[in-house]
$ cat model.cif   # mmCIF, C-alpha atoms
data_data
#
loop_
_atom_site.group_PDB
_atom_site.id
_atom_site.type_symbol
_atom_site.label_atom_id
_atom_site.label_comp_id
_atom_site.auth_asym_id
_atom_site.auth_seq_id
_atom_site.Cartn_x
_atom_site.Cartn_y
_atom_site.Cartn_z
ATOM 1 C CA MET Z 115 24.767 6.412 -1.008
ATOM 2 C CA SER Z 116 22.441 8.829 0.772
ATOM 3 C CA GLU Z 117 21.999 8.520 4.517
ATOM 4 C CA ARG Z 118 18.646 7.126 5.571
ATOM 5 C CA ILE Z 119 16.357 9.319 7.648
ATOM 6 C CA ALA Z 120 14.925 7.549 10.698
ATOM 7 C CA TYR Z 121 11.622 9.429 10.540
ATOM 8 C CA PHE Z 122 10.743 8.080 7.092
ATOM 9 C CA ASP Z 123 11.920 4.560 7.959
ATOM 10 C CA ASN Z 124 9.754 4.751 11.089
ATOM 11 C CA SER Z 125 6.759 5.781 8.983
ATOM 12 C CA LYS Z 126 7.263 3.003 6.456
ATOM 13 C CA ALA Z 127 7.940 0.410 9.153
ATOM 14 C CA ILE Z 128 4.716 1.175 11.021
ATOM 15 C CA LEU Z 129 2.765 1.283 7.761
ATOM 16 C CA ILE Z 130 4.006 -2.147 6.651
ATOM 17 C CA LEU Z 131 3.121 -3.560 10.077
ATOM 18 C CA LEU Z 132 -0.399 -2.180 9.581
ATOM 19 C CA VAL Z 133 -0.533 -3.787 6.126
ATOM 20 C CA VAL Z 134 0.428 -7.221 7.467
ATOM 21 C CA GLY Z 135 -1.813 -6.924 10.513
ATOM 22 C CA GLY Z 136 -4.698 -5.608 8.416
ATOM 23 C CA HIS Z 137 -4.494 -8.593 6.086
ATOM 24 C CA MET Z 138 -4.702 -10.927 9.069
ATOM 25 C CA LEU Z 139 -7.850 -9.155 10.241
ATOM 26 C CA THR Z 140 -9.705 -9.340 6.937
ATOM 27 C CA PRO Z 141 -11.609 -12.650 7.343
ATOM 28 C CA PHE Z 142 -12.741 -11.802 10.877
ATOM 29 C CA ILE Z 143 -14.149 -8.282 10.631
ATOM 30 C CA ASP Z 144 -17.720 -9.602 10.650
ATOM 31 C CA ASP Z 145 -17.085 -11.660 13.788
ATOM 32 C CA SER Z 146 -16.275 -8.738 16.055
ATOM 33 C CA ARG Z 147 -17.216 -5.063 16.095
ATOM 34 C CA PHE Z 148 -13.836 -4.338 17.676
ATOM 35 C CA LEU Z 149 -11.973 -5.995 14.789
ATOM 36 C CA TYR Z 150 -14.329 -4.339 12.290
ATOM 37 C CA SER Z 151 -13.519 -0.905 13.715
ATOM 38 C CA LEU Z 152 -9.778 -1.546 13.958
ATOM 39 C CA TYR Z 153 -9.656 -2.834 10.389
ATOM 40 C CA HIS Z 154 -11.402 0.175 8.861
ATOM 41 C CA VAL Z 155 -9.392 2.725 10.824
ATOM 42 C CA ILE Z 156 -6.224 1.094 9.439
ATOM 43 C CA PHE Z 157 -7.531 0.986 5.885
ATOM 44 C CA ILE Z 158 -8.503 4.656 5.872
ATOM 45 C CA PHE Z 159 -4.901 5.786 5.575
ATOM 46 C CA HIS Z 160 -2.266 3.032 5.385
ATOM 47 C CA MET Z 161 -2.119 2.529 1.596
ATOM 48 C CA PRO Z 162 -2.746 6.222 0.751
ATOM 49 C CA ALA Z 163 0.159 7.030 3.091
ATOM 50 C CA PHE Z 164 2.436 4.525 1.359
ATOM 51 C CA ILE Z 165 1.495 5.963 -2.035
ATOM 52 C CA PHE Z 166 1.991 9.496 -0.729
ATOM 53 C CA LEU Z 167 5.540 8.603 0.362
ATOM 54 C CA ALA Z 168 6.268 7.110 -3.070
ATOM 55 C CA GLY Z 169 5.277 10.441 -4.573
ATOM 56 C CA TYR Z 170 7.177 12.433 -1.966
ATOM 57 C CA PHE Z 171 10.473 10.893 -3.058
ATOM 58 C CA THR Z 172 9.751 11.213 -6.784
ATOM 59 C CA ARG Z 173 11.605 14.435 -7.514
ATOM 60 C CA LYS Z 174 13.557 13.510 -10.634
ATOM 61 C CA ALA Z 175 12.232 11.327 -13.428
ATOM 62 C CA SER Z 176 14.294 11.019 -16.574
ATOM 63 C CA GLY Z 177 16.856 8.900 -18.349
ATOM 64 C CA THR Z 178 17.157 5.259 -19.351
ATOM 65 C CA ARG Z 179 18.284 4.228 -15.878
ATOM 66 C CA TYR Z 180 15.124 5.695 -14.324
ATOM 67 C CA PHE Z 181 12.796 3.672 -16.559
ATOM 68 C CA TRP Z 182 14.954 0.561 -16.198
ATOM 69 C CA LYS Z 183 14.561 0.896 -12.426
ATOM 70 C CA ILE Z 184 10.766 0.966 -12.812
ATOM 71 C CA PHE Z 185 10.899 -2.216 -14.876
ATOM 72 C CA THR Z 186 13.174 -4.147 -12.512
ATOM 73 C CA THR Z 187 11.622 -2.851 -9.279
ATOM 74 C CA PHE Z 188 7.903 -3.016 -10.087
ATOM 75 C CA LEU Z 189 6.938 -4.503 -13.443
ATOM 76 C CA LEU Z 190 9.205 -7.555 -13.472
ATOM 77 C CA PRO Z 191 8.344 -8.490 -9.850
ATOM 78 C CA TYR Z 192 4.677 -8.037 -10.749
ATOM 79 C CA VAL Z 193 4.916 -10.591 -13.560
ATOM 80 C CA ILE Z 194 6.953 -13.028 -11.471
ATOM 81 C CA PHE Z 195 4.768 -12.822 -8.386
ATOM 82 C CA GLN Z 196 1.578 -13.078 -10.434
ATOM 83 C CA VAL Z 197 2.846 -16.465 -11.628
ATOM 84 C CA VAL Z 198 4.170 -17.564 -8.233
ATOM 85 C CA TYR Z 199 0.997 -16.582 -6.380
ATOM 86 C CA SER Z 200 -1.115 -18.305 -9.043
ATOM 87 C CA ILE Z 201 0.796 -21.544 -8.466
ATOM 88 C CA TYR Z 202 0.591 -21.060 -4.702
ATOM 89 C CA TYR Z 203 -3.172 -20.411 -4.746
ATOM 90 C CA THR Z 204 -3.723 -23.456 -6.956
ATOM 91 C CA ASN Z 205 -2.175 -25.696 -4.320
ATOM 92 C CA LEU Z 206 -3.475 -23.859 -1.256
ATOM 93 C CA TYR Z 207 -7.109 -23.572 -2.350
ATOM 94 C CA GLN Z 208 -7.220 -26.636 -4.604
ATOM 95 C CA LYS Z 209 -8.321 -24.558 -7.593
ATOM 96 C CA SER Z 210 -7.558 -24.905 -11.270
ATOM 97 C CA PHE Z 211 -4.382 -23.153 -12.348
ATOM 98 C CA ALA Z 212 -4.853 -19.812 -14.086
ATOM 99 C CA ILE Z 213 -2.600 -16.844 -14.708
ATOM 100 C CA GLU Z 214 -4.231 -13.470 -15.334
ATOM 101 C CA PHE Z 215 -1.621 -10.814 -15.904
ATOM 102 C CA LEU Z 216 -4.275 -8.158 -16.510
ATOM 103 C CA THR Z 217 -6.013 -8.873 -13.190
ATOM 104 C CA PRO Z 218 -3.651 -8.332 -10.247
ATOM 105 C CA ARG Z 219 -3.577 -11.032 -7.604
ATOM 106 C CA TRP Z 220 -4.407 -9.862 -4.091
ATOM 107 C CA ALA Z 221 -1.878 -7.161 -3.084
ATOM 108 C CA MET Z 222 -0.117 -7.016 -6.463
ATOM 109 C CA TRP Z 223 -2.245 -4.036 -7.533
ATOM 110 C CA PHE Z 224 0.135 -1.792 -5.614
ATOM 111 C CA LEU Z 225 3.042 -2.663 -7.918
ATOM 112 C CA LEU Z 226 1.056 -1.779 -11.013
ATOM 113 C CA CYS Z 227 -0.147 1.507 -9.569
ATOM 114 C CA ILE Z 228 3.291 2.667 -8.424
ATOM 115 C CA ALA Z 229 4.818 1.620 -11.761
ATOM 116 C CA ALA Z 230 2.173 3.632 -13.617
ATOM 117 C CA TYR Z 231 2.690 6.680 -11.391
ATOM 118 C CA LYS Z 232 6.446 6.495 -11.873
ATOM 119 C CA LEU Z 233 6.082 6.120 -15.643
ATOM 120 C CA ILE Z 234 3.994 9.262 -15.966
ATOM 121 C CA SER Z 235 6.060 11.204 -13.418
ATOM 122 C CA PRO Z 236 8.204 12.948 -16.083
ATOM 123 C CA LEU Z 237 4.986 14.541 -17.331
ATOM 124 C CA LEU Z 238 3.566 15.199 -13.854
ATOM 125 C CA LEU Z 239 6.726 16.970 -12.707
ATOM 126 C CA LYS Z 240 6.376 19.490 -15.515
ATOM 127 C CA MET Z 241 2.839 20.484 -14.535
ATOM 128 C CA LYS Z 242 1.877 23.208 -12.096
ATOM 129 C CA ALA Z 243 0.487 22.023 -8.768
ATOM 130 C CA SER Z 244 -2.526 24.312 -9.214
ATOM 131 C CA ILE Z 245 -3.483 22.259 -12.281
ATOM 132 C CA LEU Z 246 -2.106 18.850 -11.374
ATOM 133 C CA LEU Z 247 -3.823 18.402 -8.004
ATOM 134 C CA PRO Z 248 -7.364 19.277 -9.193
ATOM 135 C CA LEU Z 249 -6.815 17.178 -12.331
ATOM 136 C CA SER Z 250 -5.775 14.112 -10.321
ATOM 137 C CA ILE Z 251 -8.731 14.524 -7.945
ATOM 138 C CA GLY Z 252 -11.055 14.893 -10.926
ATOM 139 C CA ALA Z 253 -9.717 11.654 -12.411
ATOM 140 C CA GLY Z 254 -10.202 9.878 -9.078
ATOM 141 C CA LEU Z 255 -13.774 11.128 -8.838
ATOM 142 C CA ALA Z 256 -14.637 10.324 -12.460
ATOM 143 C CA VAL Z 257 -13.425 6.706 -12.400
ATOM 144 C CA GLY Z 258 -16.214 5.857 -9.954
ATOM 145 C CA TYR Z 259 -18.684 5.998 -12.828
ATOM 146 C CA PHE Z 260 -16.967 3.052 -14.558
ATOM 147 C CA ASP Z 261 -16.897 -0.583 -13.518
ATOM 148 C CA VAL Z 262 -13.468 -1.723 -14.698
ATOM 149 C CA GLU Z 263 -13.852 -5.130 -13.011
ATOM 150 C CA ARG Z 264 -10.297 -5.087 -11.622
ATOM 151 C CA PHE Z 265 -8.747 -4.686 -15.095
ATOM 152 C CA LEU Z 266 -5.152 -3.587 -14.399
ATOM 153 C CA SER Z 267 -6.539 -2.127 -11.151
ATOM 154 C CA LEU Z 268 -7.410 1.020 -13.079
ATOM 155 C CA ASP Z 269 -10.006 1.963 -10.478
ATOM 156 C CA ARG Z 270 -7.437 1.983 -7.682
ATOM 157 C CA LEU Z 271 -4.861 3.595 -9.937
ATOM 158 C CA PHE Z 272 -7.028 6.673 -10.476
ATOM 159 C CA VAL Z 273 -8.570 6.748 -7.001
ATOM 160 C CA PHE Z 274 -5.183 6.808 -5.254
ATOM 161 C CA LEU Z 275 -3.482 9.064 -7.813
ATOM 162 C CA PRO Z 276 -4.193 12.285 -5.831
ATOM 163 C CA PHE Z 277 -2.182 10.975 -2.885
ATOM 164 C CA PHE Z 278 0.829 10.293 -5.118
ATOM 165 C CA VAL Z 279 0.495 13.727 -6.698
ATOM 166 C CA LEU Z 280 0.144 15.421 -3.299
ATOM 167 C CA GLY Z 281 3.285 13.642 -2.128
ATOM 168 C CA MET Z 282 5.158 14.644 -5.289
ATOM 169 C CA VAL Z 283 4.166 18.300 -4.955
ATOM 170 C CA MET Z 284 5.178 18.435 -1.287
ATOM 171 C CA GLY Z 285 8.392 16.500 -1.959
ATOM 172 C CA CYS Z 286 9.529 18.798 -4.762
ATOM 173 C CA ARG Z 287 8.977 21.779 -2.489
ATOM 174 C CA LYS Z 288 10.579 19.900 0.412
ATOM 175 C CA LYS Z 289 7.586 20.580 2.611
ATOM 176 C CA PRO Z 290 7.512 18.798 6.000
ATOM 177 C CA ILE Z 291 4.844 16.141 6.484
ATOM 178 C CA ARG Z 292 5.089 16.051 10.261
ATOM 179 C CA PHE Z 293 3.109 18.755 12.025
ATOM 180 C CA PRO Z 294 3.912 18.644 15.765
ATOM 181 C CA HIS Z 295 0.773 20.574 16.751
ATOM 182 C CA MET Z 296 -1.351 17.775 15.237
ATOM 183 C CA LYS Z 297 0.363 15.149 17.382
ATOM 184 C CA TRP Z 298 -1.900 15.774 20.351
ATOM 185 C CA ILE Z 299 -5.218 15.645 18.502
ATOM 186 C CA ALA Z 300 -4.324 12.566 16.434
ATOM 187 C CA PRO Z 301 -5.252 9.998 19.138
ATOM 188 C CA VAL Z 302 -8.555 11.810 19.717
ATOM 189 C CA VAL Z 303 -9.483 11.792 16.018
ATOM 190 C CA LEU Z 304 -8.396 8.184 15.468
ATOM 191 C CA GLY Z 305 -10.184 7.145 18.646
ATOM 192 C CA GLY Z 306 -13.300 8.970 17.457
ATOM 193 C CA LEU Z 307 -13.186 7.141 14.121
ATOM 194 C CA PHE Z 308 -12.784 3.830 15.913
ATOM 195 C CA LEU Z 309 -15.826 4.591 18.069
ATOM 196 C CA LEU Z 310 -17.836 5.672 15.022
ATOM 197 C CA PHE Z 311 -17.132 2.412 13.198
ATOM 198 C CA TYR Z 312 -17.764 0.442 16.369
ATOM 199 C CA LEU Z 313 -21.216 1.961 16.842
ATOM 200 C CA TYR Z 314 -22.263 2.126 13.185
ATOM 201 C CA LYS Z 315 -21.646 -0.420 10.471
ATOM 202 C CA ILE Z 316 -21.375 1.589 7.250
ATOM 203 C CA GLU Z 317 -22.513 -0.182 4.092
ATOM 204 C CA GLY Z 318 -19.941 -0.195 1.296
ATOM 205 C CA LEU Z 319 -17.216 1.306 3.482
ATOM 206 C CA ALA Z 320 -14.652 -1.364 2.591
ATOM 207 C CA ASP Z 321 -15.104 -0.861 -1.160
ATOM 208 C CA LEU Z 322 -14.774 2.889 -0.672
ATOM 209 C CA LEU Z 323 -11.489 2.480 1.212
ATOM 210 C CA TYR Z 324 -10.207 -0.139 -1.257
ATOM 211 C CA GLY Z 325 -10.711 2.318 -4.114
ATOM 212 C CA THR Z 326 -13.004 -0.119 -5.931
ATOM 213 C CA TYR Z 327 -16.351 1.537 -5.227
ATOM 214 C CA VAL Z 328 -18.611 2.007 -8.279
ATOM 215 C CA TYR Z 329 -21.100 4.830 -7.959
ATOM 216 C CA GLU Z 330 -24.794 4.088 -7.710
ATOM 217 C CA SER Z 331 -25.759 7.767 -7.809
ATOM 218 C CA ASN Z 332 -24.156 11.207 -8.061
ATOM 219 C CA THR Z 333 -24.211 11.391 -4.271
ATOM 220 C CA ASP Z 334 -21.431 8.799 -4.224
ATOM 221 C CA LEU Z 335 -19.140 11.288 -5.953
ATOM 222 C CA LEU Z 336 -19.527 13.599 -2.949
ATOM 223 C CA ILE Z 337 -18.801 10.664 -0.657
ATOM 224 C CA ARG Z 338 -15.513 10.003 -2.469
ATOM 225 C CA LEU Z 339 -14.635 13.695 -2.292
ATOM 226 C CA THR Z 340 -15.283 13.572 1.457
ATOM 227 C CA TYR Z 341 -13.082 10.469 1.590
ATOM 228 C CA TYR Z 342 -10.215 12.397 -0.025
ATOM 229 C CA VAL Z 343 -10.426 15.200 2.500
ATOM 230 C CA GLY Z 344 -10.862 12.885 5.482
ATOM 231 C CA THR Z 345 -8.112 10.477 4.459
ATOM 232 C CA ALA Z 346 -5.647 13.317 3.856
ATOM 233 C CA ILE Z 347 -6.343 14.656 7.352
ATOM 234 C CA VAL Z 348 -5.978 11.237 8.995
ATOM 235 C CA MET Z 349 -2.813 10.563 6.981
ATOM 236 C CA PHE Z 350 -1.110 13.728 8.224
ATOM 237 C CA LEU Z 351 -2.309 13.020 11.748
ATOM 238 C CA PHE Z 352 -0.555 9.660 11.458
ATOM 239 C CA PHE Z 353 2.652 11.241 10.161
ATOM 240 C CA SER Z 354 2.551 13.731 13.034
ATOM 241 C CA MET Z 355 2.621 10.920 15.598
ATOM 242 C CA ILE Z 356 5.719 9.238 14.138
ATOM 243 C CA PRO Z 357 8.909 9.673 16.222
ATOM 244 C CA GLU Z 358 11.776 11.442 14.497
ATOM 245 C CA GLY Z 359 14.555 9.363 16.056
ATOM 246 C CA PRO Z 360 15.304 5.612 15.722
ATOM 247 C CA ILE Z 361 12.904 3.174 17.392
ATOM 248 C CA VAL Z 362 12.759 -0.627 17.657
ATOM 249 C CA VAL Z 363 11.065 -1.140 14.280
ATOM 250 C CA THR Z 364 13.120 1.426 12.341
ATOM 251 C CA PRO Z 365 15.206 -1.253 10.510
ATOM 252 C CA LEU Z 366 12.024 -2.628 8.943
ATOM 253 C CA GLY Z 367 11.517 0.666 7.122
ATOM 254 C CA SER Z 368 14.282 -0.039 4.633
ATOM 255 C CA ARG Z 369 12.886 -3.481 3.724
ATOM 256 C CA THR Z 370 9.162 -2.827 3.336
ATOM 257 C CA PHE Z 371 9.044 -3.916 -0.309
ATOM 258 C CA ALA Z 372 10.263 -7.443 0.478
ATOM 259 C CA ILE Z 373 7.873 -7.691 3.435
ATOM 260 C CA TYR Z 374 4.988 -6.554 1.239
ATOM 261 C CA LEU Z 375 5.644 -9.088 -1.512
ATOM 262 C CA PHE Z 376 6.431 -12.123 0.640
ATOM 263 C CA HIS Z 377 4.122 -11.827 3.650
ATOM 264 C CA GLY Z 378 1.135 -13.073 1.667
ATOM 265 C CA PHE Z 379 2.538 -16.587 1.475
ATOM 266 C CA VAL Z 380 2.485 -16.930 5.263
ATOM 267 C CA ILE Z 381 -0.733 -14.990 5.850
ATOM 268 C CA LYS Z 382 -2.745 -16.895 3.240
ATOM 269 C CA TRP Z 383 -1.504 -20.234 4.580
ATOM 270 C CA PHE Z 384 -2.187 -19.325 8.208
ATOM 271 C CA LEU Z 385 -5.717 -18.109 7.504
ATOM 272 C CA GLU Z 386 -6.534 -21.553 6.095
ATOM 273 C CA GLN Z 387 -5.563 -23.201 9.372
ATOM 274 C CA GLN Z 388 -8.055 -23.801 12.172
ATOM 275 C CA SER Z 389 -5.653 -22.148 14.596
ATOM 276 C CA SER Z 390 -6.321 -18.800 12.872
ATOM 277 C CA GLU Z 391 -9.622 -18.659 14.796
ATOM 278 C CA VAL Z 392 -7.599 -17.259 17.696
ATOM 279 C CA ILE Z 393 -7.867 -13.886 15.956
ATOM 280 C CA ALA Z 394 -11.584 -13.757 16.746
ATOM 281 C CA THR Z 395 -10.956 -14.320 20.463
ATOM 282 C CA ILE Z 396 -9.872 -12.028 23.285
ATOM 283 C CA TRP Z 397 -6.286 -12.985 22.450
ATOM 284 C CA GLY Z 398 -6.682 -11.856 18.850
ATOM 285 C CA VAL Z 399 -5.023 -8.437 18.991
ATOM 286 C CA PRO Z 400 -1.991 -9.549 21.084
ATOM 287 C CA PHE Z 401 -1.550 -12.512 18.739
ATOM 288 C CA ILE Z 402 -1.731 -10.283 15.653
ATOM 289 C CA LEU Z 403 0.876 -7.939 17.127
ATOM 290 C CA VAL Z 404 3.334 -10.746 17.845
ATOM 291 C CA PHE Z 405 2.728 -12.632 14.602
ATOM 292 C CA THR Z 406 2.911 -9.452 12.531
ATOM 293 C CA LEU Z 407 6.257 -8.520 14.092
ATOM 294 C CA PHE Z 408 7.546 -12.056 13.504
ATOM 295 C CA ILE Z 409 6.535 -12.156 9.833
ATOM 296 C CA SER Z 410 7.809 -8.662 9.137
ATOM 297 C CA THR Z 411 11.135 -9.313 10.854
ATOM 298 C CA LEU Z 412 11.523 -12.567 8.951
ATOM 299 C CA PHE Z 413 11.009 -11.037 5.518
ATOM 300 C CA ALA Z 414 13.107 -8.020 6.444
ATOM 301 C CA LEU Z 415 16.163 -10.281 6.426
ATOM 302 C CA PRO Z 416 18.641 -9.214 3.708
ATOM 303 C CA PHE Z 417 18.169 -12.524 1.874
ATOM 304 C CA PHE Z 418 14.648 -11.609 0.707
ATOM 305 C CA SER Z 419 15.612 -8.135 -0.462
ATOM 306 C CA LYS Z 420 18.517 -9.625 -2.420
ATOM 307 C CA LEU Z 421 16.072 -11.952 -4.167
ATOM 308 C CA LEU Z 422 14.259 -8.870 -5.447
ATOM 309 C CA ALA Z 423 17.387 -7.043 -6.615
ATOM 310 C CA PHE Z 424 16.676 -7.721 -10.288
ATOM 311 C CA ASP Z 425 18.522 -4.574 -11.338
ATOM 312 C CA ARG Z 426 21.714 -6.222 -10.085
ATOM 313 C CA TRP Z 427 21.015 -9.556 -11.714
ATOM 314 C CA LEU Z 428 20.139 -8.262 -15.155
ATOM 315 C CA PRO Z 429 22.433 -6.266 -17.449
ATOM 316 C CA SER Z 430 21.273 -2.666 -17.605
ATOM 317 C CA PRO Z 431 20.642 -0.963 -20.956
ATOM 318 C CA ASP Z 432 23.721 1.210 -20.296
ATOM 319 C CA LYS Z 433 25.949 -1.857 -19.984
ATOM 320 C CA LEU Z 434 24.451 -3.444 -23.084
ATOM 321 C CA THR Z 435 25.048 -0.277 -25.077
ATOM 322 C CA SER Z 436 28.646 -0.063 -23.851
ATOM 323 C CA ALA Z 437 29.254 -3.716 -24.744
ATOM 324 C CA ARG Z 438 28.018 -3.158 -28.299
ATOM 325 C CA ARG Z 439 30.411 -0.254 -28.713
#
$ encode --input "model.cif" --output "structure tokens"
Amino acid sequence: MSERIAYFDNSKAILILLVVGGHMLTPFIDDSRFLYSLYHVIFIFHMPAFIFLAGYFTRKASGTRYFWKIFTTFLLPYVIFQVVYSIYYTNLYQKSFAIEFLTPRWAMWFLLCIAAYKLISPLLLKMKASILLPLSIGAGLAVGYFDVERFLSLDRLFVFLPFFVLGMVMGCRKKPIRFPHMKWIAPVVLGGLFLLFYLYKIEGLADLLYGTYVYESNTDLLIRLTYYVGTAIVMFLFFSMIPEGPIVVTPLGSRTFAIYLFHGFVIKWFLEQQSSEVIATIWGVPFILVFTLFISTLFALPFFSKLLAFDRWLPSPDKLTSARR
């Protein structure tokens, strides 16, 4: 078992806290310019950074065990949680029951995208970076001309592909992602973005950051290209601010998958309660911080990760083959 590196656990821990906190902000971004700005600063980089890290640690991709791991880690949980969330939404929102496996529920798009990236990684790893990076960016730019209507989250899959590829290229070359000289300008840039969003409400910004924006003109292609450059810069600024040694939230970094899959049950329920209006008050940010830490710590308990250990529950193809012999 390889020793965990605190820096990467720190990065993942802070990112998952931003995911949980960002989801709590969503219904209230039109009630406060402060919350609107905070929300969009978070969404510029948090999911691209997660996807980048998934690519960074994809350095070998071959064998039956590799593909079995993709099935048990991403595809099987996707199917199960699509059903579970459908049942949950039916009761929570008093809607008719419906399961749509080809249309990801809420945050489940991430599982499909990572599974797809991992499945094509054997091919990606054989390609030269000088070809692969421009090709992935071209695919992300081109998908904006098509309205896929959330089908298999193909829009997000292609839009976020360059970040996975960038991570893979840097990971294979073992390039550092923390640039100490950027540490000091990061707060200035992030603060400047916050001020920009606070002063100007940008139409269609959320769809652009979600990766679901459909072009209305060729100018939008240039906007997405600008998004790629800007998000990459902000992402590395974020990584440059992360401490290298252990911090309070470091343990969360090894359990982000469980937190990601389970936090929606609490968040969705809470947002339906009248007490959630506290988020739109002066106490909103302190409340989000405390509640986010509570939820994340709860679902970081080993019990929830063990529930997702399908590769341990199910017989692997290797064992089945050995049994037949």
$ resolve_selection --input "model.cif" --expression "the PyMOL selection byres ((chain Z and resi 328-333) around 10)" --output "ChimeraX atom specification"
/Z:255-263,269,318,321-322,325-327,334-338
$ resolve_selection --input "model.cif" --expression "the PyMOL selection byres ((chain Z and resi 131) around 12)" --output "PyMOL selection string"
chain Z and resi 124-130+132-138+156+160-161+164+363-364+366-367+369-371+373-374+377+402-411+413-414
$ residues_around --input "model.cif" --residues "range 280-292 of chain Z" --least-positions-apart "6" --cutoff "7 Å" --atoms "only C-alpha atoms" --output "ChimeraX atom specification"
/Z:166-167,169-173,243,247,350,353-354
$ residues_around --input "model.cif" --residues "Arg264 in chain Z" --least-positions-apart "5" --cutoff "12 Å" --atoms "all atoms listed in the file" --output "PDB file with C-alpha atoms, keeping the file's coordinate frame"
ATOM      1  CA  GLU Z 214      -4.231 -13.470 -15.334  1.00  0.00           C
ATOM      2  CA  PHE Z 215      -1.621 -10.814 -15.904  1.00  0.00           C
ATOM      3  CA  LEU Z 216      -4.275  -8.158 -16.510  1.00  0.00           C
ATOM      4  CA  THR Z 217      -6.013  -8.873 -13.190  1.00  0.00           C
ATOM      5  CA  PRO Z 218      -3.651  -8.332 -10.247  1.00  0.00           C
ATOM      6  CA  ARG Z 219      -3.577 -11.032  -7.604  1.00  0.00           C
ATOM      7  CA  TRP Z 220      -4.407  -9.862  -4.091  1.00  0.00           C
ATOM      8  CA  MET Z 222      -0.117  -7.016  -6.463  1.00  0.00           C
ATOM      9  CA  TRP Z 223      -2.245  -4.036  -7.533  1.00  0.00           C
ATOM     10  CA  LEU Z 226       1.056  -1.779 -11.013  1.00  0.00           C
ATOM     11  CA  ASP Z 269     -10.006   1.963 -10.478  1.00  0.00           C
ATOM     12  CA  ARG Z 270      -7.437   1.983  -7.682  1.00  0.00           C
ATOM     13  CA  LEU Z 271      -4.861   3.595  -9.937  1.00  0.00           C
ATOM     14  CA  TYR Z 324     -10.207  -0.139  -1.257  1.00  0.00           C
ATOM     15  CA  GLY Z 325     -10.711   2.318  -4.114  1.00  0.00           C
ATOM     16  CA  THR Z 326     -13.004  -0.119  -5.931  1.00  0.00           C
ATOM     17  CA  TYR Z 327     -16.351   1.537  -5.227  1.00  0.00           C
ATOM     18  CA  VAL Z 328     -18.611   2.007  -8.279  1.00  0.00           C
TER      19      VAL Z 328
END
$ resolve_selection --input "model.cif" --expression "the PyMOL selection byres ((chain Z and resi 140) around 10)" --output "ChimeraX atom specification"
/Z:135-139,141-144,149-150,153-154,385
$ write_last_selection --input "model.cif" --atoms "C-alpha atoms" --output "PDB file, in the frame of the given file"
ATOM      1  CA  GLY Z 135      -1.813  -6.924  10.513  1.00  0.00           C
ATOM      2  CA  GLY Z 136      -4.698  -5.608   8.416  1.00  0.00           C
ATOM      3  CA  HIS Z 137      -4.494  -8.593   6.086  1.00  0.00           C
ATOM      4  CA  MET Z 138      -4.702 -10.927   9.069  1.00  0.00           C
ATOM      5  CA  LEU Z 139      -7.850  -9.155  10.241  1.00  0.00           C
ATOM      6  CA  PRO Z 141     -11.609 -12.650   7.343  1.00  0.00           C
ATOM      7  CA  PHE Z 142     -12.741 -11.802  10.877  1.00  0.00           C
ATOM      8  CA  ILE Z 143     -14.149  -8.282  10.631  1.00  0.00           C
ATOM      9  CA  ASP Z 144     -17.720  -9.602  10.650  1.00  0.00           C
ATOM     10  CA  LEU Z 149     -11.973  -5.995  14.789  1.00  0.00           C
ATOM     11  CA  TYR Z 150     -14.329  -4.339  12.290  1.00  0.00           C
ATOM     12  CA  TYR Z 153      -9.656  -2.834  10.389  1.00  0.00           C
ATOM     13  CA  HIS Z 154     -11.402   0.175   8.861  1.00  0.00           C
ATOM     14  CA  LEU Z 385      -5.717 -18.109   7.504  1.00  0.00           C
TER      15      LEU Z 385
END
$ residues_around --input "model.cif" --residues "range 345-347 of chain Z" --least-positions-apart "2" --cutoff "9 Å" --atoms "all atoms listed in the file" --output "PyMOL selection string"
chain Z and resi 158-159+162-163+277+340-343+349-352
